[in-house]
$ cat structure_9.tsv   # TSV, C-alpha atoms
chain	number	residue	atom	x	y	z
A	1	MET	CA	0.00	0.00	0.00
A	2	GLU	CA	2.82	2.40	0.85
A	3	GLU	CA	4.47	1.73	-2.51
A	4	ILE	CA	1.20	2.35	-4.34
A	5	ALA	CA	0.68	5.63	-2.48
A	6	ASP	CA	4.22	6.69	-3.36
A	7	GLN	CA	3.66	5.83	-7.03
A	8	THR	CA	0.41	7.80	-7.05
A	9	PHE	CA	2.04	10.83	-5.44
A	10	PHE	CA	4.95	10.68	-7.89
A	11	ARG	CA	2.58	10.39	-10.86
A	12	TYR	CA	0.55	13.42	-9.78
A	13	CYS	CA	3.72	15.45	-9.25
A	14	LEU	CA	4.98	14.46	-12.69
A	15	LEU	CA	1.66	15.40	-14.34
A	16	THR	CA	1.78	18.74	-12.52
A	17	LEU	CA	5.23	19.41	-13.94
A	18	ILE	CA	4.24	18.44	-17.49
A	19	PHE	CA	0.95	20.34	-17.60
A	20	SER	CA	2.26	23.48	-15.89
A	21	GLY	CA	4.41	24.30	-18.91
A	22	PRO	CA	1.76	25.60	-21.36
A	23	PRO	CA	0.02	28.01	-18.93
A	24	THR	CA	3.46	29.27	-17.84
A	25	ALA	CA	4.40	30.00	-21.46
A	26	VAL	CA	1.10	31.79	-22.09
A	27	ALA	CA	1.39	33.89	-18.91
A	28	LEU	CA	4.96	34.90	-19.72
A	29	LYS	CA	3.92	36.17	-23.13
A	30	PHE	CA	2.12	38.97	-21.31
A	31	LEU	CA	3.93	39.41	-17.98
A	32	GLN	CA	7.62	38.91	-17.25
A	33	ALA	CA	8.98	38.05	-13.81
A	34	PRO	CA	10.27	41.37	-12.38
A	35	TYR	CA	13.99	40.76	-11.92
A	36	GLY	CA	17.10	41.59	-13.92
A	37	LYS	CA	16.45	43.91	-16.85
A	38	HIS	CA	12.71	43.43	-16.31
A	39	ASN	CA	12.90	44.62	-12.72
A	40	ARG	CA	10.02	46.87	-11.62
A	41	THR	CA	8.22	47.90	-8.46
A	42	GLY	CA	4.87	46.66	-7.21
A	43	TRP	CA	5.78	43.07	-6.36
A	44	GLY	CA	6.23	43.47	-2.62
A	45	PRO	CA	9.33	43.14	-0.42
A	46	THR	CA	12.64	42.25	-2.02
A	47	LEU	CA	15.81	40.35	-1.18
A	48	SER	CA	19.38	40.82	-2.27
A	49	PRO	CA	19.65	38.83	-5.55
A	50	PRO	CA	22.53	36.63	-4.34
A	51	ILE	CA	20.51	35.60	-1.29
A	52	ALA	CA	17.37	35.11	-3.39
A	53	TRP	CA	19.19	32.87	-5.88
A	54	PHE	CA	20.75	30.83	-3.09
A	55	LEU	CA	17.47	30.30	-1.24
A	56	MET	CA	15.20	29.59	-4.19
A	57	GLU	CA	17.62	27.17	-5.89
A	58	SER	CA	18.67	25.39	-2.71
A	59	PRO	CA	16.01	22.60	-2.74
A	60	THR	CA	17.72	21.18	-5.80
A	61	LEU	CA	20.64	20.28	-3.56
A	62	TRP	CA	19.33	19.54	-0.07
A	63	LEU	CA	16.06	17.87	-1.13
A	64	THR	CA	17.81	15.76	-3.74
A	65	LEU	CA	20.37	14.62	-1.18
A	66	LEU	CA	17.59	13.87	1.34
A	67	ILE	CA	15.45	11.86	-1.08
A	68	PHE	CA	18.10	9.97	-3.00
A	69	PRO	CA	19.28	7.57	-0.25
A	70	PHE	CA	15.73	6.16	0.13
A	71	GLY	CA	15.49	4.95	-3.48
A	72	ARG	CA	15.91	1.30	-4.33
A	73	HIS	CA	18.73	2.24	-6.75
A	74	ALA	CA	20.46	4.57	-4.30
A	75	LEU	CA	23.63	2.45	-4.20
A	76	ASN	CA	23.65	1.58	-7.88
A	77	PRO	CA	26.77	3.20	-9.45
A	78	LYS	CA	24.78	4.05	-12.61
A	79	SER	CA	22.18	5.88	-10.55
A	80	LEU	CA	24.88	7.87	-8.76
A	81	ILE	CA	26.59	8.71	-12.04
A	82	LEU	CA	23.30	9.77	-13.62
A	83	ILE	CA	22.33	12.23	-10.86
A	84	SER	CA	25.80	13.84	-10.89
A	85	PRO	CA	25.28	16.26	-13.84
A	86	TYR	CA	22.04	17.49	-12.26
A	87	LEU	CA	23.81	18.17	-8.96
A	88	LEU	CA	26.74	19.78	-10.78
A	89	HIS	CA	24.44	22.28	-12.51
A	90	TYR	CA	22.68	23.18	-9.29
A	91	PHE	CA	25.86	23.42	-7.26
A	92	HIS	CA	26.88	26.12	-9.70
A	93	ARG	CA	23.45	27.79	-9.71
A	94	THR	CA	22.97	27.63	-5.92
A	95	ILE	CA	26.49	28.32	-4.66
A	96	LEU	CA	28.83	29.68	-7.32
A	97	TYR	CA	26.46	31.95	-9.24
A	98	PRO	CA	25.27	33.85	-6.12
A	99	LEU	CA	28.90	34.28	-5.05
A	100	ARG	CA	29.65	35.80	-8.45
A	101	LEU	CA	26.72	38.18	-8.03
A	102	LEU	CA	28.05	39.24	-4.63
A	103	ARG	CA	31.24	40.47	-6.26
A	104	SER	CA	29.43	42.56	-8.86
A	105	SER	CA	27.06	45.52	-8.92
A	106	SER	CA	24.45	43.31	-10.58
A	107	GLY	CA	23.53	42.03	-7.13
A	108	LYS	CA	22.34	45.37	-5.79
A	109	SER	CA	18.80	45.70	-7.20
A	110	GLY	CA	16.10	43.93	-5.25
A	111	PHE	CA	14.73	40.49	-6.13
A	112	PRO	CA	11.02	40.15	-5.20
A	113	ILE	CA	10.40	37.64	-2.43
A	114	SER	CA	7.17	36.60	-4.17
A	115	ILE	CA	9.07	35.51	-7.29
A	116	ALA	CA	11.72	33.74	-5.19
A	117	ALA	CA	8.95	31.88	-3.33
A	118	MET	CA	7.40	30.69	-6.61
A	119	ALA	CA	10.79	29.51	-7.84
A	120	PHE	CA	11.44	27.78	-4.51
A	121	THR	CA	8.12	25.91	-4.83
A	122	PHE	CA	8.90	24.81	-8.38
A	123	ASN	CA	12.34	23.58	-7.34
A	124	LEU	CA	10.81	21.56	-4.51
A	125	LEU	CA	8.52	19.85	-7.02
A	126	ASN	CA	11.15	19.31	-9.67
A	127	ALA	CA	13.90	18.16	-7.30
A	128	TYR	CA	11.56	15.55	-5.87
A	129	ILE	CA	10.61	14.28	-9.35
A	130	GLN	CA	14.14	14.11	-10.73
A	131	ALA	CA	15.70	12.59	-7.60
A	132	ARG	CA	12.91	10.08	-7.11
A	133	TRP	CA	12.99	8.99	-10.73
A	134	VAL	CA	16.74	8.48	-10.87
A	135	SER	CA	17.04	6.83	-7.43
A	136	HIS	CA	13.87	4.72	-7.43
A	137	TYR	CA	11.61	4.52	-10.48
A	138	LYS	CA	14.06	4.27	-13.38
A	139	ASN	CA	14.06	0.58	-14.29
A	140	ASP	CA	16.54	0.16	-17.15
A	141	TYR	CA	19.84	0.26	-15.28
A	142	GLU	CA	20.41	-3.42	-16.05
A	143	ASP	CA	20.37	-2.73	-19.79
A	144	GLY	CA	23.90	-1.40	-19.74
A	145	HIS	CA	24.31	-0.93	-23.51
A	146	SER	CA	21.36	1.41	-24.02
A	147	PHE	CA	21.95	3.17	-20.68
A	148	TRP	CA	25.52	4.12	-21.55
A	149	TRP	CA	24.72	5.27	-25.08
A	150	ARG	CA	21.91	7.52	-23.84
A	151	PHE	CA	24.01	8.78	-20.96
A	152	ILE	CA	27.06	9.62	-23.11
A	153	ILE	CA	25.05	11.36	-25.84
A	154	GLY	CA	22.97	13.26	-23.28
A	155	LEU	CA	26.05	14.19	-21.25
A	156	VAL	CA	27.78	15.69	-24.28
A	157	VAL	CA	24.69	17.81	-24.98
A	158	PHE	CA	24.39	18.72	-21.29
A	159	ILE	CA	28.03	19.82	-20.95
A	160	ALA	CA	27.81	21.88	-24.14
A	161	GLY	CA	24.72	23.64	-22.81
A	162	MET	CA	26.25	24.20	-19.39
A	163	TRP	CA	29.37	25.73	-20.94
A	164	ILE	CA	27.23	28.13	-23.02
A	165	ASN	CA	25.10	28.98	-19.99
A	166	ILE	CA	28.00	29.64	-17.59
A	167	THR	CA	30.21	31.60	-20.00
A	168	SER	CA	27.26	33.75	-21.09
A	169	ASP	CA	26.26	34.46	-17.48
A	170	ARG	CA	29.86	35.42	-16.70
A	171	THR	CA	29.85	37.88	-19.59
A	172	LEU	CA	26.61	39.49	-18.41
A	173	VAL	CA	27.78	39.78	-14.80
A	174	ARG	CA	31.12	41.23	-15.93
A	175	LEU	CA	29.41	43.82	-18.14
A	176	LYS	CA	27.12	44.89	-15.30
A	177	LYS	CA	30.14	45.25	-13.00
A	178	GLU	CA	32.15	47.25	-15.54
A	179	ASN	CA	29.20	49.54	-16.27
A	180	ARG	CA	28.15	49.94	-12.63
A	181	GLY	CA	24.87	48.12	-12.99
A	182	GLY	CA	23.98	49.66	-16.35
A	183	TYR	CA	23.31	47.79	-19.57
A	184	VAL	CA	25.33	47.67	-22.78
A	185	ILE	CA	25.06	45.51	-25.87
A	186	PRO	CA	26.81	42.18	-25.16
A	187	ARG	CA	29.35	41.24	-27.81
A	188	GLY	CA	31.31	38.16	-28.75
A	189	GLY	CA	30.75	34.42	-28.59
A	190	TRP	CA	27.17	33.22	-28.68
A	191	PHE	CA	25.95	36.78	-28.17
A	192	GLU	CA	26.69	37.32	-31.87
A	193	LEU	CA	23.94	34.81	-32.64
A	194	VAL	CA	21.30	35.33	-29.96
A	195	SER	CA	20.36	37.91	-27.36
A	196	CYS	CA	20.08	35.34	-24.56
A	197	PRO	CA	22.67	32.58	-24.97
A	198	ASN	CA	22.48	31.96	-21.22
A	199	TYR	CA	18.88	30.81	-21.68
A	200	PHE	CA	19.74	28.89	-24.83
A	201	GLY	CA	22.47	27.06	-22.92
A	202	GLU	CA	20.09	26.07	-20.15
A	203	VAL	CA	17.53	24.77	-22.65
A	204	VAL	CA	20.28	22.67	-24.24
A	205	GLU	CA	21.36	21.38	-20.83
A	206	TRP	CA	17.95	20.03	-19.95
A	207	LEU	CA	17.53	18.53	-23.41
A	208	GLY	CA	20.68	16.58	-22.59
A	209	TRP	CA	19.21	15.63	-19.23
A	210	ALA	CA	16.05	14.34	-20.93
A	211	VAL	CA	18.21	12.12	-23.15
A	212	MET	CA	20.32	10.92	-20.20
A	213	THR	CA	17.31	10.00	-18.05
A	214	TRP	CA	15.21	8.84	-21.04
A	215	SER	CA	12.07	9.59	-19.06
A	216	TRP	CA	8.94	11.70	-18.79
A	217	ALA	CA	10.57	13.27	-15.74
A	218	GLY	CA	13.40	14.58	-17.90
A	219	ILE	CA	11.11	15.52	-20.80
A	220	GLY	CA	8.77	17.36	-18.43
A	221	PHE	CA	11.65	19.40	-17.03
A	222	PHE	CA	12.94	20.19	-20.52
A	223	LEU	CA	9.51	21.32	-21.71
A	224	TYR	CA	8.96	23.47	-18.63
A	225	THR	CA	12.40	25.06	-19.13
A	226	CYS	CA	11.38	25.96	-22.69
A	227	SER	CA	8.04	27.32	-21.46
A	228	ASN	CA	9.78	29.49	-18.88
A	229	LEU	CA	12.92	30.70	-20.65
A	230	ILE	CA	11.93	31.09	-24.31
A	231	PRO	CA	9.21	33.72	-23.61
A	232	ARG	CA	11.62	35.53	-21.27
A	233	ALA	CA	14.31	35.48	-23.94
A	234	SER	CA	11.83	36.90	-26.44
A	235	ALA	CA	10.95	39.71	-24.03
A	236	SER	CA	14.63	40.41	-23.36
A	237	HIS	CA	15.34	40.52	-27.10
A	238	LYS	CA	12.57	43.10	-27.53
A	239	TRP	CA	13.94	45.04	-24.53
A	240	TYR	CA	17.39	45.24	-26.13
A	241	ILE	CA	15.89	46.44	-29.43
A	242	ASP	CA	13.75	49.06	-27.71
A	243	LYS	CA	16.69	50.32	-25.66
A	244	PHE	CA	19.43	50.35	-28.28
A	245	LYS	CA	17.28	50.69	-31.42
A	246	ASP	CA	19.41	50.80	-34.62
A	247	GLU	CA	22.60	50.04	-32.67
A	248	TYR	CA	21.36	46.57	-31.86
A	249	PRO	CA	22.49	43.88	-34.35
A	250	LYS	CA	19.59	43.06	-36.65
A	251	THR	CA	20.80	39.53	-37.40
A	252	ARG	CA	20.55	38.35	-33.79
A	253	LYS	CA	17.73	36.03	-32.84
A	254	ALA	CA	16.23	35.91	-29.37
A	255	VAL	CA	17.31	32.51	-28.08
A	256	ILE	CA	17.68	29.79	-30.77
A	257	PRO	CA	20.47	30.57	-33.28
A	258	PHE	CA	19.22	31.26	-36.82
A	259	VAL	CA	15.68	30.20	-35.88
A	260	TYR	CA	13.99	32.30	-33.14
$ encode --input "structure_9.tsv" --output "structure tokens"
Amino acid sequence: MEEIADQTFFRYCLLTLIFSGPPTAVALKFLQAPYGKHNRTGWGPTLSPPIAWFLMESPTLWLTLLIFPFGRHALNPKSLILISPYLLHYFHRTILYPLRLLRSSSGKSGFPISIAAMAFTFNLLNAYIQARWVSHYKNDYEDGHSFWWRFIIGLVVFIAGMWINITSDRTLVRLKKENRGGYVIPRGGWFELVSCPNYFGEVVEWLGWAVMTWSWAGIGFFLYTCSNLIPRASASHKWYIDKFKDEYPKTRKAVIPFVY
């Protein structure tokens, strides 16, 4: 009975993740979360951005590490290897990225607590789904041939996306620091192709994760990432054009090189 209840709870959480993507995408076509270049008043109390990023991303580490040992595959080396890229991404996002913000002027504007709370809630849901799938419900670890092919292909995609994401974020933070919190047109690297390569990189990362896990859990996370970041990238692209007008490169796309 306990196993059935756990399966039911997991299934409902997974369906929530999958079906929350479309309404998120629709909502973000009309209203952007008020942080970064879209920052605006009227969303209640705020936190320092480094603290906000640390708090709202933290469930991806502590909840994953709490849940994982209780899975039936918790001691399986393949399970431990599979969860490692996920933890690597969120160690950077929870620990290293906020530390980078602390050293720059980009951490001075307020981050709404309401938005941080929504992100915290999502990360609770998603961390549970990903950790529980990898540690307990994934059932193809014994098929070593297909597991390793999917893992290697997905890992290559994941690492490529993470490199794009991190290097692009570093460029943005550096530009904010050099210009004392102001905005300039980013140049070089993937910024020559798209306005938001940091978002493109994260989309690529979670596509790789979907391949690695070969699961609806991974696909659901990838689709939600697209639903969340692609509309924001589109809004940021429009923001750059409105701010810099004819100075802004006309060949740049918003988030997907040569496409969108």
$ closest_residue --input "structure_9.tsv" --among "A:Pro34, A:Gly182, A:Pro257, A:Pro197" --to "Ile164 of chain A" --atoms "all atoms listed in the file"
A:Pro197
$ residues_around --input "structure_9.tsv" --residues "Arg11 of chain A" --least-positions-apart "6" --cutoff "10 Å" --atoms "all atoms listed in the file" --output "list in words"
Ala5, Leu17, Ile129 and Ala217 of chain A
$ residues_around --input "structure_9.tsv" --residues "His92 of chain A" --least-positions-apart "5" --cutoff "10 Å" --atoms "only C-alpha atoms" --output "count of residues only"
6
$ closest_residue --input "structure_9.tsv" --among "A:Arg187, A:Ile159, A:Gly71, A:Tyr137" --to "Val203 of chain A" --atoms "only C-alpha atoms"
A:Ile159
$ residues_around --input "structure_9.tsv" --residues "segment 241-256 of chain A" --least-positions-apart "3" --cutoff "8 Å" --atoms "all atoms listed in the file" --output "PyMOL selection string"
chain A and resi 185+191-197+199-200+230+233-234+236-238+259-260
$ write_last_selection --input "structure_9.tsv" --atoms "C-alpha atoms" --output "PDB file, keeping the file's coordinate frame"
ATOM      1  CA  ILE A 185      25.060  45.510 -25.870  1.00  0.00           C
ATOM      2  CA  PHE A 191      25.950  36.780 -28.170  1.00  0.00           C
ATOM      3  CA  GLU A 192      26.690  37.320 -31.870  1.00  0.00           C
ATOM      4  CA  LEU A 193      23.940  34.810 -32.640  1.00  0.00           C
ATOM      5  CA  VAL A 194      21.300  35.330 -29.960  1.00  0.00           C
ATOM      6  CA  SER A 195      20.360  37.910 -27.360  1.00  0.00           C
ATOM      7  CA  CYS A 196      20.080  35.340 -24.560  1.00  0.00           C
ATOM      8  CA  PRO A 197      22.670  32.580 -24.970  1.00  0.00           C
ATOM      9  CA  TYR A 199      18.880  30.810 -21.680  1.00  0.00           C
ATOM     10  CA  PHE A 200      19.740  28.890 -24.830  1.00  0.00           C
ATOM     11  CA  ILE A 230      11.930  31.090 -24.310  1.00  0.00           C
ATOM     12  CA  ALA A 233      14.310  35.480 -23.940  1.00  0.00           C
ATOM     13  CA  SER A 234      11.830  36.900 -26.440  1.00  0.00           C
ATOM     14  CA  SER A 236      14.630  40.410 -23.360  1.00  0.00           C
ATOM     15  CA  HIS A 237      15.340  40.520 -27.100  1.00  0.00           C
ATOM     16  CA  LYS A 238      12.570  43.100 -27.530  1.00  0.00           C
ATOM     17  CA  VAL A 259      15.680  30.200 -35.880  1.00  0.00           C
ATOM     18  CA  TYR A 260      13.990  32.300 -33.140  1.00  0.00           C
TER      19      TYR A 260
END
$ atom_distance --input "structure_9.tsv" --atom1 "atom CA of Tyr128 of chain A" --atom2 "atom CA of Leu31 of chain A"
27.8 Å
$ closest_residue --input "structure_9.tsv" --among "A:Lys37, A:Pro49, A:Gly154, A:Pro69" --to "Tyr183 of chain A" --atoms "all atoms listed in the file"
A:Lys37
$ closest_residue --input "structure_9.tsv" --among "A:Tyr141, A:Tyr35, A:Trp43, A:Phe122" --to "Lys78 of chain A" --atoms "all atoms listed in the file"
A:Tyr141
$ closest_residue --input "structure_9.tsv" --among "A:Asn76, A:Thr46, A:Asn198, A:Ser215" --to "Thr167 of chain A" --atoms "all atoms listed in the file"
A:Asn198
$ atom_distance --input "structure_9.tsv" --atom1 "atom CA of Thr60 of chain A" --atom2 "atom CA of Tyr90 of chain A"
6.4 Å
$ closest_residue --input "structure_9.tsv" --among "A:Trp239, A:Leu155, A:Gly188, A:Gly220" --to "Pro22 of chain A" --atoms "all atoms listed in the file"
A:Gly220
$ residues_around --input "structure_9.tsv" --residues "Phe221 of chain A" --least-positions-apart "6" --cutoff "9 Å" --atoms "all atoms listed in the file" --output "MDAnalysis selection string"
chainID A and resid 17:18 21 126 130 206:207 209:210
$ residues_near_point --input "structure_9.tsv" --point "(27.5, 41.1, -14.4)" --cutoff "12 Å" --atoms "only C-alpha atoms" --output "ChimeraX atom specification"
/A:36-37,97-108,166-184,186
$ residues_near_point --input "structure_9.tsv" --point "(21.6, 25.1, -11.7)" --cutoff "8 Å" --atoms "only C-alpha atoms" --output "list in words"
Glu57, Tyr86, Leu87, Leu88, His89, Tyr90, Phe91, His92, Arg93 and Thr94 of chain A
$ write_last_selection --input "structure_9.tsv" --atoms "C-alpha atoms" --output "CSV table (one decimal), in the coordinates of the input"
chain,number,residue,atom,x,y,z
A,57,GLU,CA,17.6,27.2,-5.9
A,86,TYR,CA,22.0,17.5,-12.3
A,87,LEU,CA,23.8,18.2,-9.0
A,88,LEU,CA,26.7,19.8,-10.8
A,89,HIS,CA,24.4,22.3,-12.5
A,90,TYR,CA,22.7,23.2,-9.3
A,91,PHE,CA,25.9,23.4,-7.3
A,92,HIS,CA,26.9,26.1,-9.7
A,93,ARG,CA,23.4,27.8,-9.7
A,94,THR,CA,23.0,27.6,-5.9
$ atom_distance --input "structure_9.tsv" --atom1 "atom CA of Lys29 of chain A" --atom2 "atom CA of Cys226 of chain A"
12.7 Å
$ residues_around --input "structure_9.tsv" --residues "Pro231 of chain A" --least-positions-apart "6" --cutoff "9 Å" --atoms "all atoms listed in the file" --output "VMD selection string"
chain A and resid 25 to 26 28 to 29 32
$ build_atoms --input "structure_9.tsv" --residues "segment 179-202 of chain A" --atoms "N, CA and C atoms" --output "CSV table (one decimal), keeping the file's coordinate frame"
chain,number,residue,atom,x,y,z
A,179,ASN,N,30.0,48.4,-16.0
A,179,ASN,CA,29.2,49.5,-16.3
A,179,ASN,C,28.3,50.0,-15.1
A,180,ARG,N,28.8,49.5,-13.9
A,180,ARG,CA,28.2,49.9,-12.6
A,180,ARG,C,26.6,49.7,-12.6
A,181,GLY,N,26.3,48.5,-13.0
A,181,GLY,CA,24.9,48.1,-13.0
A,181,GLY,C,24.1,48.5,-14.2
A,182,GLY,N,24.7,49.3,-15.1
A,182,GLY,CA,24.0,49.7,-16.4
A,182,GLY,C,24.0,48.6,-17.4
A,183,TYR,N,23.4,48.8,-18.5
A,183,TYR,CA,23.3,47.8,-19.6
A,183,TYR,C,24.0,48.3,-20.8
A,184,VAL,N,24.7,47.4,-21.5
A,184,VAL,CA,25.3,47.7,-22.8
A,184,VAL,C,25.0,46.5,-23.7
A,185,ILE,N,25.3,46.6,-24.9
A,185,ILE,CA,25.1,45.5,-25.9
A,185,ILE,C,26.2,44.5,-25.7
A,186,PRO,N,25.8,43.2,-25.3
A,186,PRO,CA,26.8,42.2,-25.2
A,186,PRO,C,27.4,41.8,-26.5
A,187,ARG,N,28.7,41.6,-26.5
A,187,ARG,CA,29.4,41.2,-27.8
A,187,ARG,C,30.2,40.0,-27.6
A,188,GLY,N,30.4,39.3,-28.7
A,188,GLY,CA,31.3,38.2,-28.8
A,188,GLY,C,30.6,36.8,-28.4
A,189,GLY,N,31.2,35.8,-28.9
A,189,GLY,CA,30.8,34.4,-28.6
A,189,GLY,C,29.3,34.2,-29.1
A,190,TRP,N,28.5,33.5,-28.3
A,190,TRP,CA,27.2,33.2,-28.7
A,190,TRP,C,26.3,34.4,-28.7
A,191,PHE,N,26.7,35.5,-28.1
A,191,PHE,CA,26.0,36.8,-28.2
A,191,PHE,C,25.9,37.3,-29.6
A,192,GLU,N,26.8,36.9,-30.5
A,192,GLU,CA,26.7,37.3,-31.9
A,192,GLU,C,25.5,36.6,-32.6
A,193,LEU,N,25.0,35.6,-32.0
A,193,LEU,CA,23.9,34.8,-32.6
A,193,LEU,C,22.6,35.1,-32.0
A,194,VAL,N,22.6,35.2,-30.7
A,194,VAL,CA,21.3,35.3,-30.0
A,194,VAL,C,21.5,36.3,-28.8
A,195,SER,N,20.3,36.9,-28.5
A,195,SER,CA,20.4,37.9,-27.4
A,195,SER,C,20.5,37.3,-26.0
A,196,CYS,N,20.1,36.0,-25.9
A,196,CYS,CA,20.1,35.3,-24.6
A,196,CYS,C,20.7,34.0,-24.6
A,197,PRO,N,22.0,33.9,-24.9
A,197,PRO,CA,22.7,32.6,-25.0
A,197,PRO,C,22.7,31.9,-23.6
A,198,ASN,N,22.6,32.6,-22.5
A,198,ASN,CA,22.5,32.0,-21.2
A,198,ASN,C,21.2,31.1,-21.1
A,199,TYR,N,20.1,31.6,-21.7
A,199,TYR,CA,18.9,30.8,-21.7
A,199,TYR,C,19.0,29.7,-22.7
A,200,PHE,N,19.6,29.9,-23.8
A,200,PHE,CA,19.7,28.9,-24.8
A,200,PHE,C,20.6,27.7,-24.2
A,201,GLY,N,21.6,28.1,-23.5
A,201,GLY,CA,22.5,27.1,-22.9
A,201,GLY,C,21.7,26.2,-21.9
A,202,GLU,N,20.8,26.8,-21.1
A,202,GLU,CA,20.1,26.1,-20.2
A,202,GLU,C,19.1,25.2,-20.8
